[in-house]
Each structure stands twice: as C-alpha cells, then as structure tokens.
file work-v9.txt (compact mmCIF, C-alpha atoms and all ligand atoms)
# COMPACT_ATOMS: atom_id res chain seq x y z
CA MET A 1065 -2.11 19.01 -15.12
CA ARG A 1066 -2.58 20.20 -11.54
CA THR A 1067 -4.98 18.11 -9.49
CA GLU A 1068 -5.77 17.97 -5.80
CA PHE A 1069 -2.92 15.43 -5.55
CA THR A 1070 -0.23 17.75 -6.89
CA GLY A 1071 0.56 18.86 -3.33
CA TRP A 1072 0.75 15.25 -2.16
CA LEU A 1073 3.08 14.41 -5.03
CA ARG A 1074 5.38 17.30 -4.07
CA GLY A 1075 5.30 16.10 -0.46
CA PHE A 1076 6.33 12.57 -1.45
CA GLU A 1077 9.11 14.00 -3.66
CA GLU A 1078 10.36 16.04 -0.73
CA GLU A 1079 10.48 12.90 1.38
CA VAL A 1080 12.64 11.21 -1.26
CA ARG A 1081 15.12 14.11 -0.97
CA ALA A 1082 14.93 14.11 2.84
CA ARG A 1083 15.68 10.37 2.92
CA ALA A 1084 18.69 10.88 0.66
CA VAL A 1085 20.01 13.61 2.95
CA ALA A 1086 19.34 11.69 6.18
CA GLY A 1087 20.88 8.47 4.88
CA ASP A 1088 20.35 5.16 6.63
CA PRO A 1089 20.45 4.42 10.34
CA GLU A 1090 23.80 3.11 11.49
CA TRP A 1091 23.16 -0.58 10.97
CA GLY A 1092 26.65 -1.45 12.17
CA ARG A 1093 25.77 -0.63 15.77
CA GLY A 1094 23.66 -3.80 15.87
CA ALA A 1095 20.39 -4.44 17.68
CA ARG A 1096 19.33 -6.56 20.63
CA LEU A 1097 15.83 -7.92 20.19
CA GLU A 1098 13.85 -10.47 22.15
CA PRO A 1099 12.77 -13.53 20.11
CA CYS A 1100 9.09 -12.53 20.23
CA VAL A 1101 9.92 -9.05 18.89
CA VAL A 1102 11.99 -10.62 16.11
CA ARG A 1103 9.01 -12.79 15.13
CA SER A 1104 6.70 -9.77 15.10
CA LEU A 1105 9.11 -7.74 12.98
CA GLN A 1106 9.48 -10.62 10.53
CA ARG A 1107 5.71 -10.68 10.08
CA PHE A 1108 5.46 -6.94 9.58
CA GLN A 1109 8.41 -7.05 7.17
CA VAL A 1110 6.51 -9.43 4.89
CA GLY A 1111 3.48 -7.15 5.01
CA GLU A 1112 5.51 -4.10 3.95
CA ASP A 1113 7.04 -5.86 0.98
CA GLY A 1114 5.21 -5.83 -2.33
CA ASP A 1115 5.46 -4.16 -5.68
CA GLY A 1116 1.98 -2.63 -5.77
CA ALA A 1117 1.62 -3.38 -9.49
CA PHE A 1118 -2.10 -4.11 -9.21
CA LEU A 1119 -2.75 -0.99 -7.18
CA ILE A 1120 -0.88 1.15 -9.70
CA GLY A 1121 -2.80 -0.43 -12.59
CA LYS A 1122 -6.11 0.47 -10.96
CA ALA A 1123 -4.95 4.01 -10.22
CA GLU A 1124 -3.84 4.45 -13.82
CA ARG A 1125 -7.25 3.44 -15.07
CA ALA A 1126 -8.82 6.01 -12.74
CA GLY A 1127 -6.88 8.58 -14.76
CA ASP A 1128 -5.24 11.08 -12.38
CA ALA A 1129 -1.55 11.10 -13.35
CA GLU A 1130 -0.54 13.16 -10.31
CA TYR A 1131 -2.26 10.71 -7.97
CA THR A 1132 -0.66 7.74 -9.72
CA ALA A 1133 2.78 9.35 -9.47
CA ALA A 1134 2.24 10.02 -5.74
CA LEU A 1135 1.04 6.43 -5.29
CA ARG A 1136 4.23 5.13 -6.91
CA LEU A 1137 6.30 7.07 -4.38
CA PHE A 1138 4.05 5.78 -1.59
CA ILE A 1139 4.75 2.20 -2.71
CA ALA A 1140 8.48 3.00 -2.82
CA GLU A 1141 8.20 4.14 0.81
CA GLU A 1142 6.54 0.87 1.79
CA GLN A 1143 9.30 -1.05 0.04
CA ASN A 1144 11.79 1.06 1.96
CA HIS A 1145 10.00 0.00 5.16
CA ALA A 1146 10.48 -3.63 4.17
CA ARG A 1147 14.16 -2.95 3.44
CA MET A 1148 14.74 -1.14 6.75
CA LEU A 1149 13.02 -3.89 8.74
CA GLU A 1150 15.17 -6.43 6.92
CA ARG A 1151 18.32 -4.48 7.83
CA LEU A 1152 17.14 -4.13 11.43
CA LEU A 1153 16.52 -7.87 11.66
CA ALA A 1154 19.96 -8.50 10.18
CA ALA A 1155 21.47 -6.12 12.74
CA ALA A 1156 19.86 -8.32 15.39
CA GLY A 1157 21.28 -11.45 13.74
CA ALA A 1158 17.91 -12.57 12.37
CA GLY A 1159 16.67 -13.20 8.85
CA THR A 1160 13.36 -12.49 7.13
CA ILE A 1161 10.62 -15.01 6.45
CA GLY A 1162 9.72 -15.49 2.81
CA THR A 1163 5.98 -15.35 3.14
CA HIS A 1164 3.22 -15.82 5.62
CA TRP A 1165 -0.25 -17.22 4.99
CA SER A 1166 -1.99 -14.13 6.37
CA ASP A 1167 -0.10 -11.95 3.90
CA ALA A 1168 -0.79 -14.29 0.97
CA ILE A 1169 -4.54 -14.10 1.67
CA PHE A 1170 -4.34 -10.35 2.08
CA VAL A 1171 -2.55 -9.88 -1.25
CA TRP A 1172 -4.92 -12.25 -3.07
CA ALA A 1173 -8.00 -10.48 -1.70
CA ARG A 1174 -6.70 -7.05 -2.60
CA ARG A 1175 -5.99 -8.00 -6.18
CA ALA A 1176 -9.59 -9.06 -6.67
CA MET A 1177 -10.89 -5.62 -5.66
CA GLY A 1178 -11.44 -2.24 -7.28
CA LEU A 1179 -9.29 0.76 -6.34
CA ARG A 1180 -11.59 2.09 -3.62
CA LEU A 1181 -12.05 -1.25 -1.91
CA GLU A 1182 -8.36 -2.06 -2.18
CA LEU A 1183 -7.51 1.29 -0.60
CA MET A 1184 -9.93 0.59 2.25
CA VAL A 1185 -8.29 -2.77 2.93
CA LEU A 1186 -4.85 -1.22 2.62
CA MET A 1187 -5.88 1.45 5.11
CA VAL A 1188 -6.81 -1.19 7.68
CA ALA A 1189 -3.20 -2.35 7.50
CA GLU A 1190 -1.85 1.22 7.55
CA VAL A 1191 -3.79 2.20 10.66
CA ILE A 1192 -2.77 -0.97 12.48
CA ALA A 1193 0.87 -0.59 11.41
CA THR A 1194 0.80 2.98 12.75
CA GLY A 1195 -0.28 1.63 16.14
CA PHE A 1196 2.33 -1.12 16.12
CA TYR A 1197 5.23 1.12 15.14
CA ARG A 1198 4.19 3.63 17.78
CA ALA A 1199 4.21 0.88 20.41
CA LEU A 1200 7.60 -0.29 19.12
CA HIS A 1201 9.04 3.22 19.02
CA GLU A 1202 7.90 4.11 22.51
CA GLY A 1203 8.42 0.71 24.09
CA THR A 1204 11.75 -0.64 22.83
CA ARG A 1205 14.95 -0.10 24.75
CA ASP A 1206 17.11 -0.82 21.72
CA PRO A 1207 18.37 2.44 20.15
CA LEU A 1208 18.56 1.19 16.55
CA THR A 1209 15.06 -0.28 16.77
CA LYS A 1210 13.76 2.95 18.24
CA GLU A 1211 15.22 4.93 15.34
CA VAL A 1212 13.85 2.60 12.65
CA ALA A 1213 10.41 2.48 14.30
CA GLY A 1214 10.38 6.28 14.53
CA ARG A 1215 11.06 6.60 10.81
CA LEU A 1216 8.39 4.05 9.89
CA LEU A 1217 5.90 5.73 12.20
CA ALA A 1218 6.54 9.14 10.64
CA ASP A 1219 5.85 7.72 7.16
CA GLU A 1220 2.71 5.84 8.20
CA ARG A 1221 1.32 9.01 9.74
CA ARG A 1222 1.52 10.65 6.30
CA HIS A 1223 0.20 7.61 4.46
CA VAL A 1224 -3.13 7.48 6.27
CA PRO A 1225 -4.23 11.07 5.38
CA PHE A 1226 -3.00 10.48 1.80
CA HIS A 1227 -5.29 7.47 1.37
CA CYS A 1228 -8.09 9.28 3.21
CA ARG A 1229 -7.89 12.09 0.66
CA ARG A 1230 -8.30 9.64 -2.21
CA MET A 1231 -11.10 7.77 -0.41
CA ARG A 1232 -12.92 11.02 0.22
CA GLN A 1233 -12.80 11.68 -3.50
CA GLY A 1234 -13.82 8.10 -4.27
CA LEU A 1235 -16.85 8.25 -1.98
CA ALA A 1236 -17.91 11.78 -2.91
CA GLY A 1237 -20.73 10.62 -5.19
CA VAL A 1238 -22.01 8.03 -2.73
CA PRO A 1239 -25.16 8.94 -0.74
CA GLY A 1240 -24.47 10.00 2.87
CA PRO A 1241 -26.06 7.03 4.66
CA VAL A 1242 -24.23 4.54 2.41
CA ARG A 1243 -20.95 6.35 3.02
CA ALA A 1244 -21.59 6.23 6.77
CA GLY A 1245 -22.30 2.49 6.48
CA VAL A 1246 -19.10 1.91 4.51
CA LEU A 1247 -17.05 3.77 7.12
CA LEU A 1248 -18.71 1.86 9.95
CA ALA A 1249 -17.88 -1.43 8.23
CA TRP A 1250 -14.33 -0.19 7.73
CA ARG A 1251 -13.94 0.64 11.42
CA ALA A 1252 -15.29 -2.79 12.29
CA ALA A 1253 -12.64 -4.30 9.98
CA VAL A 1254 -9.95 -2.26 11.77
CA ALA A 1255 -11.24 -3.53 15.13
CA GLY A 1256 -11.09 -7.10 13.80
CA GLY A 1257 -7.56 -6.56 12.51
CA ALA A 1258 -6.44 -5.04 15.81
CA LEU A 1259 -7.80 -8.07 17.69
CA VAL A 1260 -5.89 -10.41 15.39
CA ILE A 1261 -2.69 -8.46 16.07
CA VAL A 1262 -3.32 -8.54 19.81
CA ALA A 1263 -3.85 -12.31 19.66
CA ASP A 1264 -0.83 -12.87 17.42
CA HIS A 1265 1.64 -10.38 18.90
CA GLY A 1266 0.39 -10.22 22.48
CA ARG A 1267 3.74 -11.23 23.94
CA THR A 1268 5.57 -8.58 21.91
CA LEU A 1269 3.12 -5.89 22.96
CA ARG A 1270 3.60 -6.90 26.58
CA ARG A 1271 7.38 -6.68 26.16
CA LEU A 1272 6.89 -3.19 24.77
CA GLY A 1273 4.81 -2.27 27.78
CA ARG A 1274 1.68 -1.90 25.67
CA GLY A 1275 -1.40 -3.40 27.24
CA ARG A 1276 -3.71 -5.10 24.76
CA VAL A 1277 -6.63 -2.86 25.61
CA ARG A 1278 -4.50 0.25 25.21
CA PHE A 1279 -3.21 -0.95 21.84
CA VAL A 1280 -6.72 -1.62 20.49
CA ARG A 1281 -7.94 1.69 21.88
CA GLU A 1282 -5.10 3.58 20.20
CA VAL A 1283 -5.70 1.87 16.86
CA MET A 1284 -9.43 2.63 17.07
CA ALA A 1285 -8.71 6.29 17.86
CA GLU A 1286 -6.50 6.38 14.76
CA ALA A 1287 -9.31 4.79 12.73
CA GLY A 1288 -11.80 7.35 14.06
CA THR A 1289 -9.57 10.22 12.95
CA ALA A 1290 -9.15 8.62 9.52
CA ALA A 1291 -12.90 8.08 9.11
CA GLY A 1292 -13.40 11.74 10.00
CA MET A 1293 -11.06 12.74 7.18
CA ILE A 1294 -12.97 10.63 4.67
CA GLN A 1295 -16.47 11.62 5.77
FE FE B 1301 4.75 0.75 5.91
FE FE B 1302 2.16 2.87 5.01
call {"tool": "encode", "arguments": {"input": "work-v9.txt", "output": "structure tokens"}}
result
Amino acid sequence: MRTEFTGWLRGFEEEVRARAVAGDPEWGRGARLEPCVVRSLQRFQVGEDGDGAFLIGKAERAGDAEYTAALRLFIAEEQNHARMLERLLAAAGAGTIGTHWSDAIFVWARRAMGLRLELMVLMVAEVIATGFYRALHEGTRDPLTKEVAGRLLADERRHVPFHCRRMRQGLAGVPGPVRAGVLLAWRAAVAGGALVIVADHGRTLRRLGRGRVRFVREVMAEAGTAAGMIQ
C-alpha cells in the first residue's frame, strides 16, 4: 500500500545501492587523531550503535508498513555509522568503548516511551550529531576523518527531515497551542543537549576550530528548521 512514506522508503533503498557502489573509505591510509578527538569519536560511536528493536516494535504497532520498512533502513544507516566510526578509530590505532553511562540512560529512557516521544528524544540526538559531524568535517585536517564525517553528515541531514515527517503526522491531531508547547520543550531539550556536548567535548570542538557559542548556535538553527518542518 502506498503511504506518504513510500517516497522515503525508496530514498533509503537508493542510499543502500549508492553505498554499495561507493564502497568504503580507504581505511588502509590510516588516520591521525588527537587524543581528545579519539575520546569524542568513541562516545559518538557508542551512541550510533544499537539495534532499534524497541523503536521498530512501536512503529509496527502504529501500522504503516512503508514507514516501518523505511525505519529499518534508517536503523541500518545508524549501525553503519557505528561501524564506520569503529573503522576510523581503528585506522587511528584506537579501539571503541563498550558502553557509556550517558548512553545507557538514554537507551533506558527511550525504551520506556511511546513512538512519538521516542522519536522526539532520538531527534535531539540527531540534530546534535548533525552539528558535531559538521564541525568534524569542516574542522579536521585528517583526510580519512574528513571523508567519514562527510558521509555521516550527509546521512544525518536526511534523517532529521525523515523523523520530522513522522512527527508532523504524529502531532497532526494535537491542538495548535499544545503542539507549539511540545516543540518549545523539544528545542529546550536540544539546547540542554548541546550544552552537555559543549561541556563534555569542549576541547575537541576547540581543536576543530569550533567555538562553543558557534556550535550551540548552529545546533539551535538546525533545531529551528526541524521544528518548522514539524509545525
Ligand atoms: Fe548517525
Ligand atoms: Fe541519524
């Protein structure tokens, strides 16, 4: 059955083909990364990794097969991000970290939520990741890192509108003022998340030539665009 997500599903399928054609970056060329950047990438790698089983279960219950199929491919892209970051770290002679408390809390909280709320929380991470990968892509001097960050950034820029589309549908029946309140709360959550990143990865951002204020401003601009798509 065709739904408003049929086009998104086709888009994700095209990306699968494009990835197969493009192949992987040349890991063998190695990467040179400062210790603080390694630590930041290890943290983001953990965040990208997950099987999305709970999210899929909720989507299935919502009953749009095309959306669920697109969501599966979205999760596969996130797992590919985790894999690429792992390979990049390996190319720099560094390993991954198994888990991190912030991620464990994040995963636990998301499981306890309904689809809409989980998507909103997920979108906080997506918007912040977009900002971080942009800073990494534009700021790193390492060619392999630049390539990987560019690929991740390109995916994240598609993910945000995809979730926005579903959120727009999810909030369609909600009265205008409530919807506005939800989006305001969401933007506040993004601001909070961006401040955590700035506190946690300040040294990395500085290395990348990204001032803290500029980083937060860029993330908030991204959040504003996303909120506009949901509204
Ligand atoms: Fe990602
Ligand atoms: Fe993403």
call {"tool": "residues_around", "arguments": {"input": "work-v9.txt", "residues": "Lys1122 (chain A)", "least_positions_apart": "3", "cutoff": "12 Å", "atoms": "all atoms listed in the file", "output": "ChimeraX atom specification"}}
result
/A:1116-1119,1125-1129,1131-1132,1135,1174-1183
call {"tool": "residues_near_ligand", "arguments": {"input": "work-v9.txt", "ligand": "ligand FE 1301 (chain B)", "cutoff": "10 Å", "atoms": "all atoms listed in the file", "output": "MDAnalysis selection string"}}
result
chainID A and resid 1108:1109 1111:1113 1138:1146 1149 1189:1191 1193:1194 1197 1215:1221 1223
call {"tool": "closest_residue", "arguments": {"input": "work-v9.txt", "among": "A:His1227, A:His1265, A:Arg1151, A:Arg1198", "to": "ligand FE 1302 (chain B)", "atoms": "all atoms listed in the file"}}
result
A:His1227
call {"tool": "closest_residue", "arguments": {"input": "work-v9.txt", "among": "A:Leu1073, A:Val1283, A:Ala1249, A:Ala1168", "to": "Val1262 (chain A)", "atoms": "all atoms listed in the file"}}
result
A:Val1283
call {"tool": "residues_around", "arguments": {"input": "work-v9.txt", "residues": "Val1277 (chain A)", "least_positions_apart": "2", "cutoff": "12 Å", "atoms": "only C-alpha atoms", "output": "compact mmCIF listing (two decimals) with C-alpha atoms, keeping the file's coordinate frame"}}
result
# COMPACT_ATOMS: atom_id res chain seq x y z
CA ALA A 1255 -11.24 -3.53 15.13
CA ALA A 1258 -6.44 -5.04 15.81
CA LEU A 1259 -7.80 -8.07 17.69
CA ILE A 1261 -2.69 -8.46 16.07
CA VAL A 1262 -3.32 -8.54 19.81
CA ALA A 1263 -3.85 -12.31 19.66
CA GLY A 1266 0.39 -10.22 22.48
CA LEU A 1269 3.12 -5.89 22.96
CA ARG A 1270 3.60 -6.90 26.58
CA GLY A 1273 4.81 -2.27 27.78
CA ARG A 1274 1.68 -1.90 25.67
CA GLY A 1275 -1.40 -3.40 27.24
CA PHE A 1279 -3.21 -0.95 21.84
CA VAL A 1280 -6.72 -1.62 20.49
CA ARG A 1281 -7.94 1.69 21.88
CA GLU A 1282 -5.10 3.58 20.20
CA VAL A 1283 -5.70 1.87 16.86
CA MET A 1284 -9.43 2.63 17.07
